[in-house]
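**Q** Sharing run09.cif, mmCIF, C-alpha atoms:
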data_model
loop_
_atom_site.label_atom_id
_atom_site.label_comp_id
_atom_site.auth_asym_id
_atom_site.auth_seq_id
_atom_site.Cartn_x
_atom_site.Cartn_y
_atom_site.Cartn_z
CA MET A 1 50.56 150.02 40.16
CA SER A 2 47.04 148.58 40.13
CA THR A 3 44.58 150.82 41.97
CA VAL A 4 41.19 149.59 43.06
CA LEU A 5 38.35 151.32 41.23
CA GLY A 6 35.77 150.56 43.89
CA SER A 7 35.08 148.22 46.78
CA TRP A 8 32.01 147.11 48.69
CA VAL A 9 31.79 145.10 51.94
CA ASP A 10 28.34 143.62 52.44
CA GLY A 11 27.10 146.15 49.91
CA VAL A 12 28.57 149.21 51.64
CA ALA A 13 30.90 151.18 49.37
CA GLY A 14 34.35 151.82 50.83
CA ALA A 15 33.65 149.87 54.02
CA VAL A 16 36.63 148.37 55.86
CA LEU A 17 37.05 144.65 56.50
CA PRO A 18 36.91 144.01 60.28
CA VAL A 19 40.14 142.69 61.73
CA ASP A 20 38.29 139.68 63.21
CA ASP A 21 37.07 138.44 59.82
CA ARG A 22 37.94 134.76 59.47
CA GLY A 23 38.88 135.24 55.83
CA LEU A 24 41.65 137.57 56.98
CA GLN A 25 42.59 135.59 60.08
CA TYR A 26 42.56 132.07 58.60
CA GLY A 27 41.89 132.28 54.87
CA ASP A 28 38.44 130.92 55.70
CA GLY A 29 36.53 131.63 52.51
CA VAL A 30 36.45 131.46 48.73
CA PHE A 31 36.87 133.91 45.89
CA GLU A 32 36.33 134.46 42.18
CA THR A 33 38.10 136.68 39.65
CA VAL A 34 35.81 137.72 36.78
CA LEU A 35 36.57 139.57 33.57
CA VAL A 36 34.18 142.47 32.93
CA ARG A 37 33.89 143.24 29.22
CA GLY A 38 31.52 145.86 27.89
CA LYS A 39 29.86 146.13 31.33
CA ARG A 40 29.12 142.40 31.36
CA ALA A 41 30.63 140.04 33.92
CA ARG A 42 31.85 137.27 31.65
CA PHE A 43 30.75 133.72 32.55
CA LEU A 44 29.27 135.05 35.79
CA GLU A 45 26.91 132.10 36.30
CA ALA A 46 29.80 129.65 36.12
CA HIS A 47 31.77 131.74 38.62
CA LEU A 48 28.86 131.93 41.07
CA GLN A 49 28.23 128.21 40.76
CA ARG A 50 31.86 127.49 41.66
CA LEU A 51 31.72 129.98 44.53
CA SER A 52 28.60 128.25 45.82
CA ARG A 53 30.26 124.82 45.55
CA GLY A 54 33.27 126.14 47.44
CA CYS A 55 31.08 127.55 50.20
CA ALA A 56 29.25 124.23 50.47
CA ARG A 57 32.55 122.36 50.78
CA LEU A 58 33.65 124.68 53.58
CA GLY A 59 30.25 124.78 55.27
CA ILE A 60 29.71 128.50 54.66
CA ALA A 61 26.06 129.51 54.30
CA THR A 62 25.03 130.95 50.92
CA ASP A 63 21.73 132.59 51.96
CA SER A 64 23.13 135.99 50.97
CA LEU A 65 23.90 135.07 47.35
CA PRO A 66 20.88 137.04 46.02
CA ARG A 67 22.28 140.15 47.72
CA LEU A 68 25.71 139.36 46.29
CA ARG A 69 24.24 139.26 42.78
CA ALA A 70 22.74 142.72 43.27
CA GLU A 71 26.09 144.03 44.53
CA ILE A 72 27.86 142.56 41.53
CA ASP A 73 25.36 144.21 39.20
CA ALA A 74 25.97 147.57 40.89
CA ALA A 75 29.74 147.20 40.56
CA VAL A 76 29.58 146.13 36.90
CA ALA A 77 27.33 149.11 36.11
CA VAL A 78 30.16 151.53 37.00
CA ALA A 79 32.97 149.47 35.44
CA PRO A 80 35.07 150.77 32.53
CA PRO A 81 34.86 148.85 29.23
CA MET A 82 37.44 146.33 30.49
CA ALA A 83 37.89 145.57 34.18
CA ILE A 84 38.45 142.82 36.71
CA LEU A 85 35.79 142.02 39.29
CA LYS A 86 36.92 140.19 42.40
CA ILE A 87 34.32 138.49 44.60
CA LEU A 88 35.08 137.08 48.04
CA MET A 89 32.85 135.23 50.47
CA THR A 90 34.26 134.69 53.95
CA ARG A 91 32.79 132.88 56.91
CA GLY A 92 32.51 136.27 58.58
CA SER A 93 33.69 137.62 61.92
CA ALA A 94 35.04 135.11 64.41
CA GLN A 95 32.82 134.51 67.42
CA ARG A 96 35.88 133.64 69.48
CA ARG A 97 39.59 133.06 68.89
CA GLY A 98 40.70 129.73 67.47
CA TYR A 99 40.48 127.78 64.24
CA ALA A 100 37.16 126.07 64.90
CA PRO A 101 34.10 127.97 63.62
CA GLN A 102 31.15 128.17 65.99
CA GLY A 103 28.55 127.61 63.28
CA ASN A 104 26.64 130.83 63.90
CA GLU A 105 28.93 133.21 62.00
CA THR A 106 27.38 135.60 59.47
CA PRO A 107 29.13 135.20 56.09
CA ARG A 108 30.64 138.37 54.69
CA ARG A 109 30.62 139.47 51.02
CA LEU A 110 33.41 141.52 49.45
CA VAL A 111 33.23 142.90 45.93
CA SER A 112 35.99 144.96 44.35
CA LEU A 113 36.59 146.39 40.90
CA TRP A 114 40.09 146.68 39.37
CA PRO A 115 41.59 147.92 36.11
CA ALA A 116 42.12 145.14 33.59
CA PRO A 117 45.83 144.44 33.05
CA PRO A 118 47.24 144.56 29.51
CA GLY A 119 46.47 141.65 27.21
CA VAL A 120 48.96 138.83 26.64
CA ALA A 121 51.58 139.84 24.08
CA ALA A 122 53.29 137.67 21.43
CA LEU A 123 50.49 135.14 21.15
CA ASP A 124 51.82 134.14 17.73
CA GLN A 125 54.85 132.65 19.48
CA GLY A 126 53.25 131.47 22.69
CA VAL A 127 54.18 132.22 26.29
CA THR A 128 56.96 130.64 28.32
CA LEU A 129 56.36 128.57 31.44
CA ARG A 130 58.89 127.45 34.01
CA VAL A 131 58.51 124.43 36.28
CA ALA A 132 58.16 125.61 39.88
CA SER A 133 60.37 124.08 42.53
CA ILE A 134 57.53 124.19 45.07
CA ARG A 135 55.12 121.25 44.96
CA LEU A 136 51.40 121.33 45.71
CA GLY A 137 50.32 119.37 48.76
CA GLU A 138 47.65 116.78 47.96
CA ASN A 139 44.40 117.36 49.84
CA PRO A 140 41.24 116.06 48.13
CA ALA A 141 39.05 117.84 50.69
CA LEU A 142 40.06 121.19 49.18
CA ALA A 143 40.85 120.13 45.61
CA GLY A 144 39.09 122.10 42.90
CA ILE A 145 37.71 125.00 44.93
CA LYS A 146 39.22 128.48 44.90
CA HIS A 147 39.68 128.95 48.63
CA LEU A 148 41.56 131.88 50.14
CA ASN A 149 44.64 129.85 51.15
CA ARG A 150 46.82 130.43 48.06
CA LEU A 151 50.34 130.62 49.50
CA GLU A 152 51.61 127.80 47.28
CA ASN A 153 50.54 129.82 44.25
CA VAL A 154 52.09 132.98 45.71
CA LEU A 155 55.47 131.26 46.10
CA ALA A 156 55.27 129.65 42.65
CA ALA A 157 54.37 132.95 41.01
CA ALA A 158 57.31 134.61 42.78
CA GLU A 159 59.62 132.04 41.16
CA ALA A 160 58.43 133.08 37.69
CA SER A 161 58.60 136.81 38.38
CA GLY A 162 61.59 138.47 36.70
CA ARG A 163 62.67 135.24 34.99
CA ASP A 164 61.07 135.84 31.57
CA ALA A 165 58.36 133.29 32.37
CA PHE A 166 54.67 134.09 32.03
CA ASP A 167 53.63 131.55 34.67
CA SER A 168 55.01 128.74 36.82
CA LEU A 169 53.94 125.17 36.16
CA LEU A 170 52.96 123.34 39.34
CA LEU A 171 53.38 119.64 40.08
CA ASP A 172 51.96 117.81 43.08
CA THR A 173 54.05 115.85 45.56
CA SER A 174 53.57 112.71 43.45
CA GLY A 175 55.07 114.40 40.39
CA ASN A 176 51.82 114.89 38.47
CA VAL A 177 51.23 118.09 36.52
CA VAL A 178 48.40 120.07 38.14
CA SER A 179 48.22 123.61 36.74
CA GLY A 180 49.99 126.91 36.45
CA ALA A 181 50.23 129.23 39.44
CA MET A 182 47.49 131.38 37.90
CA SER A 183 46.18 129.13 35.16
CA ASN A 184 45.04 125.69 34.14
CA VAL A 185 47.05 123.77 31.59
CA PHE A 186 46.05 121.67 28.59
CA ILE A 187 47.92 119.57 26.08
CA VAL A 188 46.95 118.54 22.56
CA ARG A 189 47.79 114.93 21.79
CA ALA A 190 46.70 113.09 18.64
CA GLY A 191 44.01 115.69 18.02
CA SER A 192 42.56 115.40 21.54
CA VAL A 193 42.53 118.10 24.22
CA ILE A 194 43.64 116.82 27.63
CA THR A 195 43.89 118.58 30.99
CA PRO A 196 45.11 117.28 34.38
CA ARG A 197 42.58 115.93 36.83
CA ILE A 198 41.96 118.31 39.72
CA ASP A 199 40.85 115.81 42.34
CA ARG A 200 43.83 115.85 44.72
CA CYS A 201 44.86 119.51 44.69
CA GLY A 202 44.72 122.65 42.57
CA VAL A 203 41.92 124.89 41.33
CA ALA A 204 39.42 123.80 38.69
CA GLY A 205 39.24 127.11 36.82
CA VAL A 206 36.05 128.45 35.29
CA MET A 207 37.77 128.85 31.91
CA ARG A 208 38.99 125.26 32.18
CA GLY A 209 35.35 124.16 32.46
CA ILE A 210 34.35 126.41 29.54
CA VAL A 211 37.07 124.86 27.36
CA LEU A 212 35.94 121.33 28.18
CA ARG A 213 32.35 122.31 27.44
CA GLU A 214 33.14 124.03 24.17
CA CYS A 215 35.38 121.20 22.94
CA ALA A 216 32.27 119.04 22.98
CA ALA A 217 30.34 121.74 21.11
CA LEU A 218 33.10 121.91 18.46
CA GLY A 219 33.30 118.14 18.08
CA LEU A 220 36.76 117.96 19.66
CA ALA A 221 37.69 115.06 21.91
CA ALA A 222 38.52 116.27 25.43
CA ALA A 223 39.47 114.42 28.60
CA GLU A 224 40.85 114.80 32.12
CA GLU A 225 43.82 112.54 32.85
CA ARG A 226 46.82 112.18 35.12
CA LEU A 227 49.69 113.91 33.31
CA VAL A 228 53.41 114.10 34.04
CA LEU A 229 56.01 116.39 32.53
CA ASP A 230 56.93 113.89 29.81
CA ASP A 231 53.31 114.06 28.61
CA LEU A 232 53.70 117.82 28.17
CA TYR A 233 57.09 117.56 26.51
CA SER A 234 55.81 115.02 23.96
CA ALA A 235 52.55 116.90 23.20
CA SER A 236 51.92 118.49 19.82
CA ALA A 237 50.75 121.67 21.60
CA VAL A 238 50.31 123.11 25.09
CA PHE A 239 48.05 125.95 26.16
CA ILE A 240 46.95 127.60 29.38
CA THR A 241 43.67 129.19 30.44
CA ASN A 242 42.13 131.45 33.01
CA ALA A 243 39.12 133.74 33.17
CA ARG A 244 41.15 136.85 32.40
CA ILE A 245 43.41 135.66 29.55
CA GLY A 246 41.13 133.09 27.91
CA VAL A 247 43.06 130.47 25.89
CA VAL A 248 46.78 131.25 25.48
CA PRO A 249 49.25 129.01 23.58
CA VAL A 250 52.50 127.96 25.23
CA GLY A 251 55.65 128.28 23.17
CA ARG A 252 58.13 126.91 25.67
CA VAL A 253 58.32 124.97 28.93
CA GLY A 254 61.88 125.07 30.19
CA GLU A 255 64.06 123.85 27.32
CA HIS A 256 61.15 122.29 25.43
CA SER A 257 59.51 124.32 22.67
CA PHE A 258 56.15 123.89 20.95
CA ALA A 259 54.95 124.96 17.52
CA MET A 260 51.73 126.87 17.10
CA ASN A 261 48.79 124.56 16.52
CA ALA A 262 45.65 125.15 14.44
CA LEU A 263 43.44 123.42 17.01
CA THR A 264 44.58 125.80 19.75
CA THR A 265 44.08 128.81 17.50
CA ARG A 266 40.57 127.68 16.57
CA LEU A 267 39.62 127.01 20.17
CA ALA A 268 41.04 130.35 21.36
CA ALA A 269 39.07 132.30 18.73
CA HIS A 270 35.87 130.42 19.56
CA ILE A 271 36.21 131.02 23.30
CA GLU A 272 36.99 134.71 22.75
CA SER A 273 33.66 135.12 20.92
CA LEU A 274 31.65 133.83 23.89
CA ASP A 275 30.14 135.80 26.76
CA ALA A 276 28.45 133.01 28.74
#
Can you turn what I pasted into structure tokens?

**A**
Amino acid sequence: MSTVLGSWVDGVAGAVLPVDDRGLQYGDGVFETVLVRGKRARFLEAHLQRLSRGCARLGIATDSLPRLRAEIDAAVAVAPPMAILKILMTRGSAQRRGYAPQGNETPRRLVSLWPAPPGVAALDQGVTLRVASIRLGENPALAGIKHLNRLENVLAAAEASGRDAFDSLLLDTSGNVVSGAMSNVFIVRAGSVITPRIDRCGVAGVMRGIVLRECAALGLAAAEERLVLDDLYSASAVFITNARIGVVPVGRVGEHSFAMNALTTRLAAHIESLDA
């Protein structure tokens, strides 16, 4: 069982989230999950930039971000060598009942520190994905940001649990590949790295952005395209990413298997060596 190592609400250690918080009541907020390695929050700037973009999309004020940075620093200072830092920003306490915000709410910051789960085993063979039966609803207004409404991912992850699958692969209602329940997905095709566009639904992960950035630095062609399952099945390699696991090769999707690929191995090793 994962036990929280520490939690802070608006900078107060051990404080309790008020029951009227709109993040709790309506999922009205955004969050980030950050790997802490050697008392450094890995790729923190990229995480805070995405959090800020998500707040802007939802109309949540970000005046308190300097205080959030200080709270993150305090949490990281007491972290073990490997840990997970979770950061939430909600719209704050509701001024009255109902979905519509009043516009004068005070955003609330939540920081928590968790033990890092074990690393991904059997990377020499790749992980197994299953195709989720649930489909992601297409909503460009929320596409890309990591908002607190993640029930589609919860249901997809539940499908993979106990079925020898590392993650569930999510399609949208048009049949396009979007991501994993907890990861972004990439294929390697003709020496190029390709990932689904995240403009209709899904989360544009921080590690996804790092991979696209570092492909350019390594001289590898990289692109965002519409992909369907046949594109995955015909790829020379498939891999998944998130901020915790980095770059992880996929060995199987359903009945389709993939050989290990030197490009994926090179990219994974390069990303692992980075801190920012």

**Q** Exactly which residues make up the result of the PyMOL selection byres ((chain A and resi 205) around 9) on this file, given as a list in words?

**A**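 Given this file, the PyMOL selection byres ((chain A and resi 205) around 9) evaluates to His47, Arg50, Gly144, Ile145, Lys146, Ser183, Asn184, Val203, Ala204, Val206, Met207, Arg208, Gly209, Ile210, Thr241, Asn242 and Ala243 of chain A.
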
**Q** Would you tabulate, counting only C-alpha atoms, all residues of region 128-210 of chain A that have an atom at most 12 Å from an atom of region 81-94 of chain A, showing the closest pair of atoms and their distance in Å to one decimal, sorted by chain then ascending number, as a Markdown table?

**A**
| residue | atom | partner | partner_atom | distance |
| --- | --- | --- | --- | --- |
| A:Lys146 | CA | A:Leu88 | CA | 10.0 |
| A:His147 | CA | A:Leu88 | CA | 9.4 |
| A:Leu148 | CA | A:Leu88 | CA | 8.6 |
| A:Asn149 | CA | A:Thr90 | CA | 11.8 |

**Q** Can you tell me, as a PDB file with C-alpha atoms, in the coordinates of the input, what residues are no more than 10 Å from region 260-266 of chain A when counting all atoms listed in the file, ignoring any on the same chain fewer than 6 positions away?

**A**
ATOM      1  CA  LEU A 123      50.490 135.140  21.150  1.00  0.00           C
ATOM      2  CA  ASP A 124      51.820 134.140  17.730  1.00  0.00           C
ATOM      3  CA  GLN A 125      54.850 132.650  19.480  1.00  0.00           C
ATOM      4  CA  GLY A 126      53.250 131.470  22.690  1.00  0.00           C
ATOM      5  CA  PHE A 186      46.050 121.670  28.590  1.00  0.00           C
ATOM      6  CA  ILE A 187      47.920 119.570  26.080  1.00  0.00           C
ATOM      7  CA  VAL A 188      46.950 118.540  22.560  1.00  0.00           C
ATOM      8  CA  GLY A 191      44.010 115.690  18.020  1.00  0.00           C
ATOM      9  CA  SER A 192      42.560 115.400  21.540  1.00  0.00           C
ATOM     10  CA  VAL A 193      42.530 118.100  24.220  1.00  0.00           C
ATOM     11  CA  LEU A 218      33.100 121.910  18.460  1.00  0.00           C
ATOM     12  CA  LEU A 220      36.760 117.960  19.660  1.00  0.00           C
ATOM     13  CA  SER A 236      51.920 118.490  19.820  1.00  0.00           C
ATOM     14  CA  ALA A 237      50.750 121.670  21.600  1.00  0.00           C
ATOM     15  CA  VAL A 238      50.310 123.110  25.090  1.00  0.00           C
ATOM     16  CA  PHE A 239      48.050 125.950  26.160  1.00  0.00           C
ATOM     17  CA  VAL A 247      43.060 130.470  25.890  1.00  0.00           C
ATOM     18  CA  VAL A 248      46.780 131.250  25.480  1.00  0.00           C
ATOM     19  CA  PRO A 249      49.250 129.010  23.580  1.00  0.00           C
ATOM     20  CA  VAL A 250      52.500 127.960  25.230  1.00  0.00           C
ATOM     21  CA  GLY A 251      55.650 128.280  23.170  1.00  0.00           C
TER      22      GLY A 251
END

**Q** Neighbouring residues of Tyr233 (chain A) were defined as those with any atom within 9 Å, considering all atoms listed in the file; residues of the same chain fewer than 5 positions away were excluded. Please report them as a list in words.

**A** Val238, Val253, His256, Ser257 and Phe258 of chain A

**Q** Evaluated on this file, the PyMOL selection byres ((chain A and resi 38) around 12) picks out some residues - which ones are they, written as a PyMOL selection string?

**A** chain A and resi 35-37+39-42+76-84+275

**Q** Just checking: using all atoms listed in the file, which residue out of A:Thr62, A:Asn176, A:Thr33, A:Thr128 ends up closest to Arg163 (chain A)?

**A** A:Thr128

**Q** Evaluate the PyMOL selection byres ((chain A and resi 226-230) around 10) here and jot the selected residues down as a list in words.

**A**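 With the shown file as input, the PyMOL selection byres ((chain A and resi 226-230) around 10) matches Val131, Leu169, Leu171, Asp172, Ser174, Gly175, Asn176, Val177, Val178, Phe186, Ile187, Ile194, Thr195, Pro196, Arg197, Ile198, Glu224, Glu225, Asp231, Leu232, Tyr233, Ser234, Ala235 and Val253 of chain A.
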
**Q** At what distance in Å, to one decimal, does CA of Ala15 (chain A) lie from CA of Asp28 (chain A)?

**A**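 It comes out at 19.6 Å.
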
**Q** Excluding Ser179 (chain A) and residues on its chain fewer than 6 positions from it, collect all residues at most 7 Å away from it, counting all atoms listed in the file, and give them as an mmCIF file with C-alpha atoms, in the coordinates of the input.

**A**
data_model
loop_
_atom_site.group_PDB
_atom_site.id
_atom_site.type_symbol
_atom_site.label_atom_id
_atom_site.label_comp_id
_atom_site.auth_asym_id
_atom_site.auth_seq_id
_atom_site.Cartn_x
_atom_site.Cartn_y
_atom_site.Cartn_z
ATOM 1 C CA LEU A 169 53.940 125.170 36.160
ATOM 2 C CA LEU A 170 52.960 123.340 39.340
ATOM 3 C CA VAL A 185 47.050 123.770 31.590
ATOM 4 C CA GLY A 202 44.720 122.650 42.570
#

**Q** So the first atom is CA of Glu138 (chain A) and the second is CA of Gln25 (chain A); what is the distance between them in Å, to one decimal place?

**A** 22.9 Å

**Q** Just checking: using only C-alpha atoms, which residue out of A:Pro18, A:Gly29, A:Gly103, A:Gly11 ends up closest to Glu71 (chain A)?

**A**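 With only C-alpha atoms as the atom set, the closest residue is A:Gly11.
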
**Q** What is the distance, in Å and to one decimal place, between CA of Gly137 (chain A) and CA of Ile60 (chain A)?

**A**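 A separation of 23.3 Å between them.
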
**Q** Nearest to Leu274 (chain A) among A:Glu159, A:Tyr26, A:Phe43, A:Ala132, with distances taken over only C-alpha atoms: which residue is it?

**A**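 Among A:Glu159, A:Tyr26, A:Phe43, A:Ala132, it is A:Phe43 that comes nearest to Leu274 (chain A).
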
**Q** From the options A:Gln49, A:Ser7, A:Ser161, A:Thr173, which residue's atoms come nearest to Leu129 (chain A), counting only C-alpha atoms?

**A**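 Closest residue, counting only C-alpha atoms: A:Ser161.
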
**Q** Centre and edge lengths of an axis-aligned box around all listed atoms of region 101-111 of chain A, with 6 Å added on each side, are to be given in Å to one decimal, as JSON.

**A**
{"center_x": 30.4, "center_y": 135.3, "center_z": 56.0, "size_x": 19.5, "size_y": 27.3, "size_z": 32.1}

**Q** From the options A:Cys55, A:Ala116, A:Ala160, A:Ala165, which residue's atoms come nearest to Ser133 (chain A), counting all atoms listed in the file?

**A**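 For Ser133 (chain A), the nearest of the candidates is A:Ala160.
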
**Q** Here is a test: counting all atoms listed in the file, which residue of A:Ala75, A:Arg109, A:Ala181, A:Ala70 is nearest to Leu51 (chain A)?

**A**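 Checking each of A:Ala75, A:Arg109, A:Ala181, A:Ala70 against Leu51 (chain A), counting all atoms listed in the file, the winner is A:Arg109.
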
**Q** Using the partial input, fill out region 34-60 of chain A with N, CA and C atoms; write the result as a short mmCIF file (atom, residue, chain, number, x, y, z; two decimals), in the frame of the given file.

**A**
data_model
loop_
_atom_site.label_atom_id
_atom_site.label_comp_id
_atom_site.auth_asym_id
_atom_site.auth_seq_id
_atom_site.Cartn_x
_atom_site.Cartn_y
_atom_site.Cartn_z
N VAL A 34 36.69 137.70 37.94
CA VAL A 34 35.81 137.72 36.78
C VAL A 34 36.23 138.84 35.84
N LEU A 35 36.30 138.54 34.56
CA LEU A 35 36.57 139.57 33.57
C LEU A 35 35.27 140.31 33.25
N VAL A 36 35.32 141.63 33.33
CA VAL A 36 34.18 142.47 32.93
C VAL A 36 34.52 143.06 31.56
N ARG A 37 33.66 142.79 30.59
CA ARG A 37 33.89 143.24 29.22
C ARG A 37 32.62 143.89 28.70
N GLY A 38 32.72 145.17 28.36
CA GLY A 38 31.52 145.86 27.89
C GLY A 38 30.42 145.89 28.93
N LYS A 39 30.81 146.08 30.20
CA LYS A 39 29.86 146.13 31.33
C LYS A 39 29.07 144.83 31.48
N ARG A 40 29.69 143.73 31.12
CA ARG A 40 29.12 142.40 31.36
C ARG A 40 30.16 141.56 32.09
N ALA A 41 29.75 140.94 33.19
CA ALA A 41 30.63 140.04 33.92
C ALA A 41 30.64 138.70 33.18
N ARG A 42 31.76 138.40 32.57
CA ARG A 42 31.85 137.27 31.65
C ARG A 42 31.78 135.95 32.42
N PHE A 43 30.92 135.05 31.94
CA PHE A 43 30.75 133.72 32.55
C PHE A 43 30.39 133.81 34.03
N LEU A 44 29.59 134.82 34.38
CA LEU A 44 29.27 135.05 35.79
C LEU A 44 28.57 133.86 36.42
N GLU A 45 27.63 133.24 35.70
CA GLU A 45 26.91 132.10 36.30
C GLU A 45 27.86 130.99 36.68
N ALA A 46 28.84 130.71 35.82
CA ALA A 46 29.80 129.65 36.12
C ALA A 46 30.64 130.03 37.34
N HIS A 47 31.00 131.30 37.45
CA HIS A 47 31.77 131.74 38.62
C HIS A 47 30.95 131.60 39.90
N LEU A 48 29.69 132.02 39.86
CA LEU A 48 28.86 131.93 41.07
C LEU A 48 28.56 130.49 41.45
N GLN A 49 28.43 129.63 40.45
CA GLN A 49 28.23 128.21 40.76
C GLN A 49 29.45 127.63 41.46
N ARG A 50 30.66 128.00 40.98
CA ARG A 50 31.86 127.49 41.66
C ARG A 50 31.99 128.08 43.05
N LEU A 51 31.68 129.37 43.21
CA LEU A 51 31.72 129.98 44.53
C LEU A 51 30.77 129.27 45.48
N SER A 52 29.58 128.95 45.00
CA SER A 52 28.60 128.25 45.82
C SER A 52 29.09 126.85 46.19
N ARG A 53 29.71 126.16 45.24
CA ARG A 53 30.26 124.82 45.55
C ARG A 53 31.37 124.93 46.60
N GLY A 54 32.21 125.96 46.47
CA GLY A 54 33.27 126.14 47.44
C GLY A 54 32.73 126.42 48.83
N CYS A 55 31.71 127.27 48.90
CA CYS A 55 31.08 127.55 50.20
C CYS A 55 30.49 126.28 50.80
N ALA A 56 29.84 125.48 49.98
CA ALA A 56 29.25 124.23 50.47
C ALA A 56 30.32 123.30 51.01
N ARG A 57 31.45 123.22 50.32
CA ARG A 57 32.55 122.36 50.78
C ARG A 57 33.08 122.83 52.13
N LEU A 58 33.12 124.14 52.33
CA LEU A 58 33.65 124.68 53.58
C LEU A 58 32.58 124.85 54.66
N GLY A 59 31.32 124.62 54.31
CA GLY A 59 30.25 124.78 55.27
C GLY A 59 29.89 126.23 55.54
N ILE A 60 30.06 127.09 54.54
CA ILE A 60 29.71 128.50 54.66
C ILE A 60 28.33 128.71 54.04
#
